[in-house]
Amino acid sequence: MPVEVRLPTVLRQHAAGQSSVKANGTTIGEVFEDLVRQFPLLAGQVITEDGSLHKFVNVYRNDDDVRFLDKLGTPVADDDVVTILPAVAGG
Amino acid sequence: MIDHALVEKEKPAEACGLLAGELGEFDVKAVYPCANAAPPEKQDVIYELDPGDHLRADREAQANGWEIIGVYHSHTHTEALPSPTDIAQAPDASWHYIVVSVRHPTAVVRSFTIADGNVAEEPLVLERPPAR
């Protein structure tokens, strides 16, 4: 069963303008692999070249920031919602 | 935004928050003050918008049919202009970036777009929020 992945405005241009897409996987990492298979332009936007979570995004499984769970290894189940938001910072 | 900036100035710290509205329009329907999650000793010169507050603001905006369309933050010691850090770290070219300077007794509020490192000021009209 796929999970829902909510995309921030800045990434929608790489996903045919959609704000929410479905992707398959049992972990956050697998979900993102499927996401990139569907929308190749998302490659490099969420996962770095060395395969870790990009520091410019925050990723949540439902209400929880996956950095405080198991990062890309965080398990996902049916009906989970994965939300990607930009990390917002400045000086 | 100004009240939030003035409160945080006393710490001293930069205030930050998110702006919600219709995509493609610069008509702010809601302002969501957020915590500055930067290390306490650096909060007077940088801000890191609390990721949990961001998620809550995003959900509340979506529930009202809005999107997050920008961010505000304050400068405690400098003018209301995007800093090099603000420009380098601007997350979304479609967003509006409001800077509130509380350096002087009267706050100065200006708004900018930041796309690929290019900064452009845009007109900003402030309205007092309705009394609660």
# chains A, B, ... in the order shown; residues from 1 in each chain; ligands from 1
>>> select_by_dssp(residues="chain A", states="strand (DSSP E)", output="PyMOL selection string")
chain A and resi 3-6+20-23+57-61+64-65+81-86+89-90
>>> write_last_selection(atoms="N, CA, C and O atoms", output="tab-separated table (two decimals), in the first residue's frame")
chain	number	residue	atom	x	y	z
A	3	VAL	N	1.99	5.19	0.63
A	3	VAL	CA	1.76	6.25	1.62
A	3	VAL	C	1.63	7.57	0.88
A	3	VAL	O	2.09	7.72	-0.26
A	4	GLU	N	1.02	8.51	1.54
A	4	GLU	CA	0.88	9.85	0.97
A	4	GLU	C	2.13	10.66	1.30
A	4	GLU	O	2.58	10.65	2.45
A	5	VAL	N	2.67	11.33	0.30
A	5	VAL	CA	3.83	12.20	0.52
A	5	VAL	C	3.41	13.62	0.16
A	5	VAL	O	3.01	13.88	-0.98
A	6	ARG	N	3.45	14.51	1.13
A	6	ARG	CA	3.09	15.91	0.88
A	6	ARG	C	4.33	16.71	0.56
A	6	ARG	O	5.33	16.66	1.29
A	20	SER	N	0.58	16.65	-3.41
A	20	SER	CA	0.56	15.39	-2.67
A	20	SER	C	0.63	14.26	-3.67
A	20	SER	O	-0.08	14.26	-4.68
A	21	VAL	N	1.51	13.30	-3.39
A	21	VAL	CA	1.67	12.16	-4.31
A	21	VAL	C	1.68	10.87	-3.49
A	21	VAL	O	1.88	10.90	-2.28
A	22	LYS	N	1.48	9.76	-4.16
A	22	LYS	CA	1.54	8.46	-3.50
A	22	LYS	C	2.86	7.80	-3.85
A	22	LYS	O	3.34	7.87	-5.00
A	23	ALA	N	3.46	7.14	-2.86
A	23	ALA	CA	4.71	6.41	-3.13
A	23	ALA	C	4.74	5.16	-2.26
A	23	ALA	O	4.15	5.13	-1.18
A	57	VAL	N	16.08	20.14	4.06
A	57	VAL	CA	14.68	19.74	4.21
A	57	VAL	C	14.47	19.10	5.58
A	57	VAL	O	15.40	18.55	6.18
A	58	ASN	N	13.24	19.19	6.04
A	58	ASN	CA	12.81	18.45	7.21
A	58	ASN	C	11.74	17.47	6.75
A	58	ASN	O	10.89	17.82	5.92
A	59	VAL	N	11.81	16.25	7.24
A	59	VAL	CA	10.89	15.20	6.82
A	59	VAL	C	10.19	14.66	8.06
A	59	VAL	O	10.83	14.42	9.10
A	60	TYR	N	8.89	14.51	7.94
A	60	TYR	CA	8.09	14.06	9.07
A	60	TYR	C	7.29	12.81	8.68
A	60	TYR	O	6.75	12.73	7.57
A	61	ARG	N	7.24	11.86	9.61
A	61	ARG	CA	6.28	10.77	9.49
A	61	ARG	C	5.14	11.14	10.43
A	61	ARG	O	5.33	11.17	11.65
A	64	ASP	N	6.01	13.33	13.52
A	64	ASP	CA	7.36	13.18	14.05
A	64	ASP	C	8.44	13.47	13.00
A	64	ASP	O	8.41	12.95	11.88
A	65	ASP	N	9.41	14.28	13.41
A	65	ASP	CA	10.57	14.59	12.58
A	65	ASP	C	11.43	13.32	12.50
A	65	ASP	O	11.88	12.81	13.54
A	81	VAL	N	1.38	9.51	6.78
A	81	VAL	CA	1.57	10.64	5.89
A	81	VAL	C	3.00	11.14	6.08
A	81	VAL	O	3.43	11.41	7.20
A	82	VAL	N	3.73	11.23	4.97
A	82	VAL	CA	5.09	11.74	5.00
A	82	VAL	C	5.06	13.17	4.46
A	82	VAL	O	4.54	13.41	3.37
A	83	THR	N	5.56	14.09	5.26
A	83	THR	CA	5.55	15.50	4.86
A	83	THR	C	6.99	15.98	4.71
A	83	THR	O	7.83	15.73	5.57
A	84	ILE	N	7.24	16.64	3.59
A	84	ILE	CA	8.56	17.24	3.34
A	84	ILE	C	8.38	18.76	3.42
A	84	ILE	O	7.50	19.31	2.75
A	85	LEU	N	9.18	19.41	4.24
A	85	LEU	CA	9.13	20.87	4.32
A	85	LEU	C	10.55	21.40	4.21
A	85	LEU	O	11.50	20.74	4.64
A	86	PRO	N	10.71	22.60	3.67
A	86	PRO	CA	12.06	23.16	3.63
A	86	PRO	C	12.53	23.55	5.02
A	86	PRO	O	11.72	23.97	5.86
A	89	ALA	N	15.84	29.01	7.63
A	89	ALA	CA	16.83	29.61	8.52
A	89	ALA	C	17.45	30.82	7.84
A	89	ALA	O	17.33	31.01	6.64
A	90	GLY	N	18.06	31.65	8.65
A	90	GLY	CA	18.72	32.82	8.08
A	90	GLY	C	19.46	33.55	9.19
A	90	GLY	O	19.64	33.03	10.28
>>> residues_around(residues="range 13-18 of chain B", least_positions_apart="6", cutoff="7 Å", atoms="only C-alpha atoms", output="ChimeraX atom specification")
/B:4-5,31-36,43-47,49,68,70-76
>>> select_by_dssp(residues="range 5-84 of chain A", states="alpha helix (DSSP H)", output="VMD selection string")
chain A and resid 9 to 12 28 to 38
>>> write_last_selection(atoms="all heavy atoms", output="short mmCIF file (atom, residue, chain, number, x, y, z; two decimals), in the first residue's frame")
data_model
loop_
_atom_site.label_atom_id
_atom_site.label_comp_id
_atom_site.auth_asym_id
_atom_site.auth_seq_id
_atom_site.Cartn_x
_atom_site.Cartn_y
_atom_site.Cartn_z
N THR A 9 5.80 23.73 -1.67
CA THR A 9 5.64 24.43 -2.96
C THR A 9 6.92 24.38 -3.79
O THR A 9 6.85 24.21 -5.01
CB THR A 9 5.24 25.91 -2.74
OG1 THR A 9 6.12 26.50 -1.78
CG2 THR A 9 3.81 26.00 -2.23
N VAL A 10 8.07 24.49 -3.14
CA VAL A 10 9.33 24.56 -3.89
C VAL A 10 9.64 23.26 -4.65
O VAL A 10 10.35 23.29 -5.65
CB VAL A 10 10.50 24.97 -2.95
CG1 VAL A 10 10.80 23.86 -1.95
CG2 VAL A 10 11.74 25.35 -3.73
N LEU A 11 9.10 22.14 -4.21
CA LEU A 11 9.39 20.86 -4.89
C LEU A 11 8.31 20.45 -5.89
O LEU A 11 8.51 19.52 -6.68
CB LEU A 11 9.58 19.74 -3.86
CG LEU A 11 10.81 19.85 -2.95
CD1 LEU A 11 10.91 18.62 -2.04
CD2 LEU A 11 12.09 20.01 -3.78
N ARG A 12 7.17 21.12 -5.86
CA ARG A 12 6.06 20.67 -6.71
C ARG A 12 6.37 20.79 -8.19
O ARG A 12 5.87 20.02 -9.00
CB ARG A 12 4.79 21.46 -6.37
CG ARG A 12 4.30 21.12 -4.98
CD ARG A 12 3.10 21.96 -4.59
NE ARG A 12 2.92 21.88 -3.13
CZ ARG A 12 2.10 22.65 -2.45
NH1 ARG A 12 1.36 23.57 -3.08
NH2 ARG A 12 2.00 22.51 -1.15
N ILE A 28 11.14 5.31 5.12
CA ILE A 28 11.20 6.64 4.49
C ILE A 28 12.14 6.59 3.29
O ILE A 28 11.84 7.14 2.22
CB ILE A 28 11.70 7.69 5.51
CG1 ILE A 28 10.68 7.88 6.63
CG2 ILE A 28 12.03 9.00 4.83
CD1 ILE A 28 9.43 8.65 6.27
N GLY A 29 13.27 5.90 3.44
CA GLY A 29 14.24 5.82 2.34
C GLY A 29 13.64 5.15 1.11
O GLY A 29 13.82 5.62 -0.02
N GLU A 30 12.91 4.05 1.31
CA GLU A 30 12.28 3.36 0.18
C GLU A 30 11.20 4.22 -0.47
O GLU A 30 11.05 4.23 -1.69
CB GLU A 30 11.66 2.03 0.65
CG GLU A 30 12.69 0.96 1.00
CD GLU A 30 12.04 -0.32 1.47
OE1 GLU A 30 10.81 -0.48 1.32
OE2 GLU A 30 12.77 -1.16 2.01
N VAL A 31 10.47 4.94 0.35
CA VAL A 31 9.43 5.83 -0.19
C VAL A 31 10.07 6.89 -1.09
O VAL A 31 9.59 7.18 -2.19
CB VAL A 31 8.63 6.48 0.97
CG1 VAL A 31 7.79 7.65 0.46
CG2 VAL A 31 7.75 5.45 1.65
N PHE A 32 11.21 7.44 -0.65
CA PHE A 32 11.88 8.45 -1.46
C PHE A 32 12.47 7.86 -2.73
O PHE A 32 12.52 8.52 -3.77
CB PHE A 32 12.95 9.18 -0.64
CG PHE A 32 12.37 10.12 0.39
CD1 PHE A 32 13.13 10.61 1.43
CD2 PHE A 32 11.04 10.54 0.31
CE1 PHE A 32 12.60 11.48 2.37
CE2 PHE A 32 10.49 11.41 1.24
CZ PHE A 32 11.27 11.87 2.28
N GLU A 33 12.95 6.62 -2.65
CA GLU A 33 13.44 5.96 -3.88
C GLU A 33 12.31 5.84 -4.89
O GLU A 33 12.49 6.09 -6.09
CB GLU A 33 14.00 4.57 -3.55
CG GLU A 33 15.36 4.60 -2.88
CD GLU A 33 15.80 3.21 -2.43
OE1 GLU A 33 15.26 2.21 -2.94
OE2 GLU A 33 16.70 3.14 -1.56
N ASP A 34 11.14 5.45 -4.43
CA ASP A 34 9.99 5.32 -5.32
C ASP A 34 9.57 6.68 -5.86
O ASP A 34 9.19 6.83 -7.02
CB ASP A 34 8.83 4.64 -4.60
CG ASP A 34 7.69 4.33 -5.55
OD1 ASP A 34 7.97 3.84 -6.67
OD2 ASP A 34 6.52 4.60 -5.20
N LEU A 35 9.66 7.68 -4.99
CA LEU A 35 9.30 9.05 -5.40
C LEU A 35 10.19 9.50 -6.56
O LEU A 35 9.71 10.07 -7.55
CB LEU A 35 9.49 9.97 -4.19
CG LEU A 35 8.79 11.31 -4.15
CD1 LEU A 35 7.28 11.12 -4.22
CD2 LEU A 35 9.16 12.04 -2.87
N VAL A 36 11.47 9.22 -6.46
CA VAL A 36 12.41 9.63 -7.51
C VAL A 36 12.19 8.80 -8.79
O VAL A 36 12.38 9.29 -9.90
CB VAL A 36 13.86 9.55 -7.00
CG1 VAL A 36 14.86 9.73 -8.14
CG2 VAL A 36 14.09 10.59 -5.91
N ARG A 37 11.79 7.53 -8.62
CA ARG A 37 11.46 6.73 -9.80
C ARG A 37 10.30 7.37 -10.56
O ARG A 37 10.30 7.43 -11.78
CB ARG A 37 11.07 5.30 -9.38
CG ARG A 37 12.21 4.30 -9.42
CD ARG A 37 11.70 2.87 -9.33
NE ARG A 37 11.09 2.58 -8.04
CZ ARG A 37 11.78 2.19 -6.96
NH1 ARG A 37 13.08 2.02 -7.04
NH2 ARG A 37 11.17 1.94 -5.82
N GLN A 38 9.32 7.86 -9.82
CA GLN A 38 8.16 8.47 -10.46
C GLN A 38 8.46 9.87 -10.99
O GLN A 38 7.95 10.27 -12.03
CB GLN A 38 7.01 8.60 -9.45
CG GLN A 38 6.47 7.32 -8.89
CD GLN A 38 5.35 7.63 -7.90
OE1 GLN A 38 4.34 8.23 -8.27
NE2 GLN A 38 5.52 7.24 -6.66
#
>>> closest_residue(among="A:Asp78, A:Ser19, A:Phe56, A:Leu41", to="Glu48 in chain B", atoms="only C-alpha atoms")
A:Phe56
>>> closest_residue(among="B:Asn64, B:Ser111, B:Ser83, B:Asn118", to="chain A", atoms="only C-alpha atoms")
B:Ser83
>>> atom_distance(atom1="CA of Glu67 in chain B", atom2="CA of Ala15 in chain A")
17.0 Å
>>> atom_distance(atom1="CA of Asp79 in chain A", atom2="CA of Asn62 in chain A")
9.4 Å
>>> closest_residue(among="B:Pro12, B:Pro91, B:Pro39, B:Pro82", to="Arg110 in chain B", atoms="only C-alpha atoms")
B:Pro82
>>> closest_residue(among="B:Pro123, B:Pro51, B:Pro129, B:Gly65", to="chain A", atoms="only C-alpha atoms")
B:Pro51
